[in-house]
$ cat start.cif   # mmCIF, C-alpha atoms and all ligand atoms
data_upload
#
loop_
_atom_site.label_atom_id
_atom_site.label_comp_id
_atom_site.auth_asym_id
_atom_site.auth_seq_id
_atom_site.Cartn_x
_atom_site.Cartn_y
_atom_site.Cartn_z
CA MET L 1148 178.48 145.01 111.60
CA ALA L 1149 180.19 141.80 112.77
CA ASP L 1150 181.55 143.56 115.85
CA ASN L 1151 178.11 144.72 116.72
CA LYS L 1152 176.86 141.14 116.67
CA THR L 1153 179.38 140.22 119.32
CA PHE L 1154 178.05 142.85 121.66
CA ALA L 1155 174.46 141.85 120.91
CA ALA L 1156 175.22 138.22 121.77
CA ALA L 1157 176.84 139.27 125.04
CA LEU L 1158 173.92 141.55 125.84
CA ASN L 1159 171.50 138.71 125.22
CA ASP L 1160 173.41 136.68 127.81
CA GLN L 1161 173.16 139.59 130.22
CA ILE L 1162 169.38 139.64 129.78
CA ALA L 1163 169.38 136.14 131.29
CA ASN L 1164 171.54 137.37 134.17
CA GLU L 1165 169.17 140.26 134.90
CA PHE L 1166 166.10 138.01 134.87
CA GLY L 1167 168.03 135.57 137.08
CA ALA L 1168 168.81 138.40 139.50
CA SER L 1169 165.13 139.31 139.51
CA MET L 1170 164.19 135.75 140.51
CA GLN L 1171 166.82 135.70 143.25
CA TYR L 1172 165.34 138.87 144.71
CA ILE L 1173 161.86 137.41 144.68
CA GLY L 1174 163.34 134.51 146.65
CA ALA L 1175 164.80 136.94 149.18
CA ALA L 1176 161.50 138.85 149.39
CA VAL L 1177 159.55 135.66 150.02
CA HIS L 1178 161.95 134.70 152.81
CA TYR L 1179 161.22 137.95 154.67
CA ASP L 1180 157.55 137.97 153.75
CA ALA L 1181 157.14 134.57 155.41
CA GLU L 1182 158.74 136.03 158.56
CA THR L 1183 156.37 139.00 158.56
CA LEU L 1184 159.07 141.52 157.85
CA PRO L 1185 157.13 143.50 155.24
CA ARG L 1186 159.61 146.33 154.66
CA LEU L 1187 162.45 143.95 153.95
CA ALA L 1188 160.11 141.91 151.77
CA ASN L 1189 159.00 145.00 149.83
CA PHE L 1190 162.56 146.18 149.49
CA PHE L 1191 163.43 142.94 147.69
CA TYR L 1192 160.19 142.83 145.69
CA ARG L 1193 161.13 146.31 144.43
CA GLN L 1194 164.65 145.14 143.61
CA ALA L 1195 163.14 142.25 141.66
CA VAL L 1196 161.10 144.69 139.57
CA GLU L 1197 164.24 146.80 139.02
CA GLU L 1198 166.19 143.83 137.70
CA ARG L 1199 163.33 142.98 135.38
CA SER L 1200 163.45 146.61 134.19
CA HIS L 1201 167.15 146.25 133.42
CA ALA L 1202 166.38 143.21 131.26
CA MET L 1203 163.60 145.12 129.50
CA MET L 1204 165.95 148.07 128.82
CA MET L 1205 168.39 145.66 127.20
CA ILE L 1206 165.60 144.14 125.12
CA GLN L 1207 164.52 147.62 123.98
CA TYR L 1208 168.10 148.47 123.05
CA LEU L 1209 168.45 145.34 120.91
CA LEU L 1210 165.16 146.17 119.20
CA ASP L 1211 166.33 149.75 118.62
CA VAL L 1212 169.57 148.66 116.94
CA ASP L 1213 167.80 145.93 114.98
CA GLU L 1214 169.48 142.94 116.58
CA ASP L 1215 167.92 139.61 117.45
CA VAL L 1216 166.54 139.19 120.94
CA ARG L 1217 166.76 135.77 122.54
CA ILE L 1218 164.47 135.37 125.47
CA PRO L 1219 166.67 133.20 127.65
CA ASP L 1220 166.10 130.12 129.75
CA ILE L 1221 166.58 131.12 133.34
CA SER L 1222 168.60 128.56 135.23
CA GLY L 1223 167.85 127.42 138.76
CA VAL L 1224 168.18 130.03 141.47
CA GLU L 1225 169.03 129.95 145.12
CA THR L 1226 165.91 130.98 146.96
CA LYS L 1227 166.20 129.06 150.25
CA PHE L 1228 167.99 130.89 153.03
CA SER L 1229 169.11 129.47 156.35
CA ASP L 1230 168.98 132.72 158.28
CA ASP L 1231 167.92 136.35 158.00
CA VAL L 1232 171.30 137.77 157.02
CA SER L 1233 172.07 135.49 154.09
CA PRO L 1234 169.55 136.97 151.63
CA VAL L 1235 171.29 140.34 151.99
CA ARG L 1236 174.71 138.70 151.68
CA MET L 1237 173.48 137.00 148.53
CA ALA L 1238 172.25 140.38 147.28
CA LEU L 1239 175.62 142.05 147.80
CA GLU L 1240 177.46 139.18 146.09
CA GLN L 1241 175.00 139.29 143.23
CA GLU L 1242 175.37 143.05 142.72
CA LYS L 1243 179.15 142.75 142.73
CA ARG L 1244 178.98 139.95 140.18
CA VAL L 1245 176.55 141.84 137.95
CA GLY L 1246 178.87 144.83 138.24
CA GLU L 1247 181.70 142.77 136.77
CA GLU L 1248 179.38 141.57 134.00
CA ILE L 1249 178.37 145.15 133.21
CA TYR L 1250 181.99 146.33 133.13
CA SER L 1251 182.85 143.50 130.71
CA LEU L 1252 180.02 144.57 128.43
CA PHE L 1253 181.25 148.15 128.59
CA GLU L 1254 184.74 146.98 127.72
CA LEU L 1255 183.47 144.91 124.82
CA ALA L 1256 181.56 147.90 123.47
CA ARG L 1257 184.69 150.01 123.70
CA GLU L 1258 186.99 147.39 122.17
CA THR L 1259 184.67 146.85 119.24
CA ARG L 1260 184.12 150.60 118.83
CA ASP L 1261 180.42 150.16 119.21
CA TYR L 1262 179.67 153.71 120.30
CA ARG L 1263 175.94 153.22 120.66
CA ALA L 1264 176.55 150.25 122.91
CA GLU L 1265 179.13 152.12 124.96
CA GLN L 1266 176.75 154.97 125.57
CA PHE L 1267 173.95 152.55 126.43
CA MET L 1268 176.13 150.79 128.99
CA GLN L 1269 177.12 154.00 130.73
CA TRP L 1270 173.89 154.20 132.71
CA PHE L 1271 174.38 150.62 133.91
CA VAL L 1272 177.88 151.37 135.17
CA LYS L 1273 176.50 154.17 137.34
CA GLU L 1274 173.57 151.99 138.42
CA GLN L 1275 175.88 149.20 139.63
CA VAL L 1276 177.87 151.60 141.78
CA GLU L 1277 174.60 152.64 143.44
CA GLU L 1278 173.32 149.08 143.84
CA VAL L 1279 176.51 147.76 145.42
CA SER L 1280 176.58 150.73 147.79
CA LEU L 1281 172.91 150.17 148.68
CA MET L 1282 173.50 146.51 149.52
CA ILE L 1283 176.59 147.34 151.59
CA ASP L 1284 174.45 149.76 153.63
CA LEU L 1285 171.69 147.20 154.08
CA LEU L 1286 174.11 144.43 155.04
CA ASN L 1287 175.70 146.68 157.67
CA VAL L 1288 172.33 147.43 159.22
CA VAL L 1289 171.08 143.84 159.07
CA GLU L 1290 174.30 142.46 160.61
CA ARG L 1291 174.16 145.00 163.40
CA SER L 1292 170.49 144.34 164.13
CA GLN L 1293 170.13 140.63 163.39
CA ASP L 1294 168.69 139.98 166.85
CA ASN L 1295 165.99 142.57 166.29
CA LEU L 1296 165.09 142.92 162.65
CA LEU L 1297 162.31 145.36 163.49
CA LEU L 1298 165.12 147.92 163.72
CA VAL L 1299 165.92 147.13 160.10
CA GLU L 1300 162.27 147.55 159.22
CA ASP L 1301 162.35 151.04 160.79
CA PHE L 1302 165.58 151.89 159.02
CA ILE L 1303 164.22 150.93 155.60
CA ALA L 1304 161.07 152.97 156.18
CA ARG L 1305 162.90 155.99 157.56
CA GLU L 1306 165.53 156.11 154.83
CA SER L 1307 163.16 155.12 151.98
CA LEU L 1308 165.86 152.59 151.14
CA GLY L 1309 165.94 151.59 147.49
CA GLU L 1310 163.14 153.93 146.49
CA GLY L 1311 163.17 156.75 143.99
CA SER L 1312 163.55 156.61 140.25
CA ASP L 1313 166.19 157.70 137.80
CA GLY L 1314 165.17 160.07 135.03
CA ASP L 1315 168.19 159.14 132.91
CA ALA L 1316 167.29 155.46 132.73
CA PRO L 1317 167.11 153.96 129.24
CA PRO L 1318 163.62 153.14 127.92
CA GLU L 1319 162.17 149.72 128.66
CA ALA L 1320 160.51 147.45 126.14
CA GLY L 1321 156.76 147.49 126.66
CA SER L 1322 156.72 150.77 128.59
CA GLY L 1323 155.91 153.10 125.75
FE FE T 1401 170.49 144.79 137.19
FE FE T 1402 170.87 145.20 140.70
#
$ encode --input "start.cif" --output "structure tokens"
Amino acid sequence: MADNKTFAAALNDQIANEFGASMQYIGAAVHYDAETLPRLANFFYRQAVEERSHAMMMIQYLLDVDEDVRIPDISGVETKFSDDVSPVRMALEQEKRVGEEIYSLFELARETRDYRAEQFMQWFVKEQVEEVSLMIDLLNVVERSQDNLLLVEDFIARESLGEGSDGDAPPEAGSG
């Protein structure tokens, strides 16, 4: 099972990335919360919970396949923003970066013929396409309305942006 170990080590690293993403989103949420933009704040608080869920799915997977779980140190995060557009820019960059990380994990699973891992990663591939697309939409709206962010607030409410759950999502540690 040496190949398997390699994937498990990489997945442990990704757990740190997901928790890091969660912290970044709390930073973005706090920025908007302080400006009394509650829909934008809630949007990012929800994203933060989602990223935590991704980490917990990965933890559950490692438990399921009987691999060690390292609960990682989370390194410093950027949570100060100079204006109201940059949190969303950060979010789009972050989702693109996580996408690359997810595709590398998928590749590693495939290269090492770890079929369980490959199947596990499939949901995350689909999820990243959705998350990047979501952040592109939000960035478009925020850039267009940066002089009146109440329009963004309306947009998020009207479109239920970032809401709704996915029945195919892998199980999370601690949820059953
Ligand atoms: Fe994620
Ligand atoms: Fe994400």
$ closest_residue --input "start.cif" --among "L:Val1212, L:Val1245, L:Ala1188, L:Leu1239" --to "ligand FE 1401 (chain T)" --atoms "only C-alpha atoms and all ligand atoms"
L:Val1245
$ residues_around --input "start.cif" --residues "Val1216 (chain L)" --least-positions-apart "3" --cutoff "12 Å" --atoms "only C-alpha atoms" --output "list in words"
Lys1152, Ala1155, Ala1156, Ala1157, Leu1158, Asn1159, Asp1160, Gln1161, Ile1162, Ala1163, Ala1202, Met1203, Met1204, Met1205, Ile1206, Gln1207, Tyr1208, Leu1209, Leu1210, Asp1211, Val1212, Asp1213, Pro1219 and Ala1320 of chain L
$ residues_near_ligand --input "start.cif" --ligand "ligand FE 1401 (chain T)" --cutoff "10 Å" --atoms "all atoms listed in the file" --output "list in words"
Gln1161, Ile1162, Asn1164, Glu1165, Phe1166, Gly1167, Ala1168, Ser1169, Gln1194, Ala1195, Val1196, Glu1197, Glu1198, Arg1199, Ser1200, His1201, Ala1202, Gln1241, Glu1242, Val1245, Gly1246, Glu1248, Ile1249, Phe1271, Glu1274, Gln1275 and Glu1278 of chain L
$ atom_distance --input "start.cif" --atom1 "CA of Asp1284 (chain L)" --atom2 "CA of Pro1317 (chain L)"
25.8 Å
$ atom_distance --input "start.cif" --atom1 "CA of Asp1313 (chain L)" --atom2 "CA of Val1276 (chain L)"
13.8 Å
$ atom_distance --input "start.cif" --atom1 "CA of Val1289 (chain L)" --atom2 "CA of Ser1307 (chain L)"
15.5 Å
$ closest_residue --input "start.cif" --among "L:Lys1243, L:Arg1260, L:His1178, L:Lys1227" --to "ligand FE 1402 (chain T)" --atoms "all atoms listed in the file"
L:Lys1243
$ closest_residue --input "start.cif" --among "L:Ala1264, L:Ile1303, L:Leu1297, L:Val1279" --to "ligand FE 1402 (chain T)" --atoms "all atoms listed in the file"
L:Val1279
$ residues_near_point --input "start.cif" --point "(167.9, 149.7, 162.5)" --cutoff "8 Å" --atoms "all atoms listed in the file" --output "compact mmCIF listing (two decimals) with C-alpha atoms, in the frame of the given file"
# COMPACT_ATOMS: atom_id res chain seq x y z
CA VAL L 1288 172.33 147.43 159.22
CA VAL L 1289 171.08 143.84 159.07
CA ARG L 1291 174.16 145.00 163.40
CA SER L 1292 170.49 144.34 164.13
CA LEU L 1296 165.09 142.92 162.65
CA LEU L 1297 162.31 145.36 163.49
CA LEU L 1298 165.12 147.92 163.72
CA VAL L 1299 165.92 147.13 160.10
CA GLU L 1300 162.27 147.55 159.22
CA ASP L 1301 162.35 151.04 160.79
CA PHE L 1302 165.58 151.89 159.02
CA ILE L 1303 164.22 150.93 155.60
$ residues_around --input "start.cif" --residues "Glu1290 (chain L)" --least-positions-apart "6" --cutoff "10 Å" --atoms "all atoms listed in the file" --output "PyMOL selection string"
chain L and resi 1231-1233+1235-1236+1296+1299
$ closest_residue --input "start.cif" --among "L:Glu1254, L:Glu1247, L:Asp1294, L:Asp1261" --to "ligand FE 1402 (chain T)" --atoms "all atoms listed in the file"
L:Glu1247
$ closest_residue --input "start.cif" --among "L:Arg1257, L:Lys1273, L:Arg1217, L:Arg1263" --to "ligand FE 1402 (chain T)" --atoms "only C-alpha atoms and all ligand atoms"
L:Lys1273
